[in-house]
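J.: Below you'll find the structure I mean.
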Amino acid sequence: MKLCVLGGAGFRTPFVHQALLRDTGSPRVQEVALHDTDPVRLAGMVRILEEMATAFPDAPRLSPTTELAEALQGSAFVFAAVRIGGLGGRCCDERVALDLDVLGQETTGAGGIAYALRTVPFMLHVAEQVRRHAPDAYVLNFTNPAGIVTEAMQAVLGDRVLGICDTPSGFGRRAADLLGLDHRRVLVDYVGLNHLGWTRRLVHDGTDVLPGLLADDDALDALEEGAVFGKEWLRTLGAIPNEYLHYYYSHREALRSAQAADLTRGEYLRRTQNAFWAELSRTREGAADLWRAAVSDRNATYMAEARGGEPGRNTHPAAPELDPAQQGYAGVALGVMAAISRDERATMVLNVRNGGTIAGLPQDAVVEVPATVDANGAHPLATGAPDLHQLGLMQQVKAVERHAIAAAVHGDPDEALRAFALHPLVDSVTVARDLLDGYVERIPEVAAVFQR
């Protein structure tokens with residue numbers, strides 16, 4: 001079985017590789033095609049993966065390539081994790097918005113819209129190439145903004161495109177561990193869109209254990225969500241919000257923190273990742289250890305602005321790819337692969353087509369909900385209706401997502417303006433126009449969308 005990884009030189013690729021090395025099921029992946037547009041970084045990533053595989057004589061064969069068709073040909077699964085415009089584009093996503101007193105987070109608000117505008121055209125090209133070279137493949141999309149990209153690609157490939165986010169499942173695992181429960185027996189009742197959702201129940205053997213978690217000061221103090229939102233707000237909501245809702249519930253504080261920081265998240269990652277690749281080019285051994293150090297630092301500083309600039313409280317192991325809590329996207333994706341290729345029925349939170357799952361949203365909209373996965377694909381589970389404030393926010397953001405897709409597909413600046421102006425984190429049509437103009441001026445890949 002062949003797996004294609006688009007964005008093969010990305011920092012998450014070793015997590016995927018390590019999970020494949022430990023997989024003993026059948027059928028298993030025998031070849032991993034690594035596609036990337038940067039041949040130098042691709043060669044460096046192969047060094048990292050080969051060092052990790054030294055103790056695994058039956059490791060999958062690595063096939064690095066810069067040719068998309070070659071990478072896709074005959075693949076059973078495609079992992080898509082690309083960044084159009086690179087980290088330079090992300091830095092512009094952030095700075096253009098911040099200069100206008102607007103949040104520029106890469107998936108939430110103005111920055112996410114700019115990221116979607118330049119990413120959707122390429123991912124539609126990928127979808128067409130998948131249909132041509134790997135028509136039976138499932139695409140497991142990691143590319144952000146994941147909900148928007150997944151919905152756009154489904155227009156070409158239908159339900160064979162699934163969006164992957166590790167946040168809901170990661171919370172379920174962490175909460176189960178805090179409560180001394182087997183996370184495999186805990187069902188996460190989650191409803192929302194990508195990076196905009198709420199855990200409403202944690203069901204263990206038929207009993208909802210979330211109320212007990214919310215009542216436990218020590219448990220909430222140990223949870224990242226407790227630090228991000230505060231215990232009292234979690235209790236007031238009676239639910240655990242996705243951490244990205246920090247940008248909505250604490251909008252002013254998040255904006256002040258981002259503007260006060262010396263570096264945006266993108267600028268920090270660009271500096272540290274450039275240093276990593278430069279150091280890797282100077283070494284002949286220890287490539288995997290260099291990656292481990294870099295990814296541990298990356299994890300420790302994730303969403304630091306939501307904690308008042310403090311580093312993450314969690315300590316990371318010397319080999320983060322061996323820590324189940326750090327498997328993230330790779331763990332969810334490998335679970336989906338096993339469920340489909342081996343008919344190992346599993347339930348997980350995925351970005352899937354709505355159907356009739358959430359009333360009040362279009363049937364072909366992509367939503368993030370629990371789904372059962374088997375040999376026939378992913379099937380969203382029936383779920384209770386969201387609260388009015390949840391549904392209202394989901395509807396407004398889904399409208400924004402659809403305008404962004406239309407703008408990217410048709411090169412329509414009016415649709416792009418609607419996307420910026422209607423987003424709840426952009427409070428002025430005038431500012432929305434300035435955002436669109438700023439992104440067109442600063443990011444060539446955005447400008448190209450409207451020059452076709």
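Each chain in the structure tokens gets a letter, A, B, ..., in the order shown, and its residues are numbered from 1; ligands are numbered from 1 in order too.
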Show which residues sit within 7 Å of stretch 199-209 of chain A, as a ChimeraX atom specification. Count only C-alpha atoms, and ignore same-chain residues fewer than 3 positions away.

T.: /A:185-191,212-213,239-241

J.: Restricted to C-alpha atoms, what would the selected residues look like written as a compact mmCIF listing (two decimals), in the first residue's frame?

T.:
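Saved to again02.txt:
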```txt
# COMPACT_ATOMS: atom_id res chain seq x y z
CA ARG A 185 -13.57 4.07 26.04
CA VAL A 186 -14.38 7.79 26.13
CA LEU A 187 -16.64 9.30 23.45
CA VAL A 188 -16.11 13.01 22.82
CA ASP A 189 -19.41 14.74 22.05
CA TYR A 190 -18.09 17.63 19.98
CA VAL A 191 -19.87 20.01 17.61
CA GLY A 212 -17.12 16.09 37.30
CA LEU A 213 -14.16 17.45 35.35
CA ALA A 239 -18.56 22.95 27.94
CA ILE A 240 -14.91 22.97 26.84
CA PRO A 241 -14.34 25.27 23.85
```

J.: May I have a table of the residues of stretch 325-438 of chain A lying at most 7 Å from stretch 447-452 of chain A, giving each one's closest pair of atoms and their distance in Å to one decimal, counting only C-alpha atoms, ordered by chain and ascending residue number, as a Markdown table?

T.:
```
| residue | atom | partner | partner_atom | distance |
| --- | --- | --- | --- | --- |
| A:Ala408 | CA | A:Val449 | CA | 6.2 |
| A:Gly411 | CA | A:Phe450 | CA | 4.6 |
| A:Asp412 | CA | A:Phe450 | CA | 6.5 |
| A:Pro413 | CA | A:Phe450 | CA | 6.8 |
```

J.: Export N, CA and C atoms of the chosen residues as an mmCIF file, in the first residue's frame?

T.:
```
data_model
loop_
_atom_site.group_PDB
_atom_site.id
_atom_site.type_symbol
_atom_site.label_atom_id
_atom_site.label_comp_id
_atom_site.auth_asym_id
_atom_site.auth_seq_id
_atom_site.Cartn_x
_atom_site.Cartn_y
_atom_site.Cartn_z
ATOM 1 N N ALA A 408 -11.741 32.482 -4.131
ATOM 2 C CA ALA A 408 -10.559 31.760 -4.605
ATOM 3 C C ALA A 408 -10.838 31.016 -5.910
ATOM 4 N N GLY A 411 -11.825 33.991 -8.594
ATOM 5 C CA GLY A 411 -11.015 35.199 -8.648
ATOM 6 C C GLY A 411 -11.833 36.451 -8.487
ATOM 7 N N ASP A 412 -12.812 36.402 -7.603
ATOM 8 C CA ASP A 412 -13.795 37.461 -7.464
ATOM 9 C C ASP A 412 -13.470 38.321 -6.238
ATOM 10 N N PRO A 413 -13.008 39.556 -6.435
ATOM 11 C CA PRO A 413 -12.664 40.397 -5.275
ATOM 12 C C PRO A 413 -13.880 40.783 -4.430
#
```

J.: In Å to one decimal, how far is atom CA of A:Pro424 from atom CA of A:Pro362?

T.: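 A separation of 19.6 Å between them.
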
J.: Counting only C-alpha atoms, which residues of stretch 37-68 of chain A sit at most 12 Å from some atom of stretch 80-99 of chain A, and what is each one's closest atom pair with its distance in Å to one decimal, listed by chain and rising residue number, as a tab-separated table?

T.:
```
residue	atom	partner	partner_atom	distance
A:Thr37	CA	A:Val82	CA	9.9
A:Asp38	CA	A:Gly86	CA	10.9
A:Leu68	CA	A:Ala80	CA	11.7
```

J.: Between A:Ala260, A:Leu162, A:Ile48, A:Leu117, which one has atoms that come closest to A:Arg12, using only C-alpha atoms?

T.: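 Residue with the minimum atom-to-atom distance to A:Arg12: A:Ile48.
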
J.: Could you give me, as an NGL selection string, the residues within 7 Å of A:Ile405, counting only C-alpha atoms and dropping anything in the same chain fewer than 3 positions from it?

T.: :A and (120 or 152 or 401-402 or 408-409)

J.: Do you know which residues are at most 9 Å from A:Gly158 counting only C-alpha atoms, after dropping those on the same chain fewer than 5 positions away, and could you put them as a VMD selection string?

T.: chain A and resid 151 153 353

J.: Just N, CA and C atoms for this one: save the residues we selected as a compact mmCIF listing (two decimals), in the first residue's frame.

T.:
```
# COMPACT_ATOMS: atom_id res chain seq x y z
N GLU A 151 -13.66 21.45 2.36
CA GLU A 151 -14.92 21.70 1.66
C GLU A 151 -14.68 21.99 0.18
N MET A 153 -12.13 20.93 -1.69
CA MET A 153 -11.70 19.71 -2.37
C MET A 153 -12.85 18.71 -2.54
N ARG A 353 -18.61 16.04 5.52
CA ARG A 353 -19.79 16.69 4.96
C ARG A 353 -20.94 16.61 5.95
```

J.: Could you tell me how far atom CA of A:Phe56 lies from atom CA of A:Ser26, in Å and to one decimal?

T.: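 According to the coordinates, atom CA of A:Phe56 and atom CA of A:Ser26 are separated by 16.4 Å.
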
J.: Where in stretch 13-254 of chain A does DSSP assign strand (DSSP E), given as a PyMOL selection string?

T.: chain A and resi 31-35+61-65+77-80+138-141+161-163+186-193+196-204+207-208+240-241

J.: Could you tell me which of A:Ala378, A:Ala421, A:Val149, A:Ser257 comes closest to A:Ala365 if we count only C-alpha atoms?

T.: A:Val149

J.: Do you know which residues are at most 9 Å from stretch 428-430 of chain A counting only C-alpha atoms, after dropping those on the same chain fewer than 5 positions away, and could you put them as a PyMOL selection string?

T.: chain A and resi 417-418+420-422+435

J.: Output N, CA and C atoms of each residue in that selection to a file, as a CSV table (one decimal), in the first residue's frame.

T.:
```csv
chain,number,residue,atom,x,y,z
A,417,LEU,N,-14.1,40.5,-0.5
A,417,LEU,CA,-14.5,41.5,0.4
A,417,LEU,C,-15.6,41.1,1.4
A,418,ARG,N,-16.6,40.3,0.8
A,418,ARG,CA,-17.6,39.8,1.7
A,418,ARG,C,-17.1,38.9,2.8
A,420,PHE,N,-14.1,39.0,4.2
A,420,PHE,CA,-13.4,39.8,5.3
A,420,PHE,C,-14.4,40.6,6.1
A,421,ALA,N,-15.4,41.3,5.4
A,421,ALA,CA,-16.3,42.2,6.1
A,421,ALA,C,-17.3,41.5,7.0
A,422,LEU,N,-17.6,40.2,6.6
A,422,LEU,CA,-18.6,39.5,7.4
A,422,LEU,C,-18.1,38.7,8.5
A,435,LEU,N,-7.8,45.4,4.4
A,435,LEU,CA,-7.2,44.1,4.6
A,435,LEU,C,-7.0,43.4,3.2
```
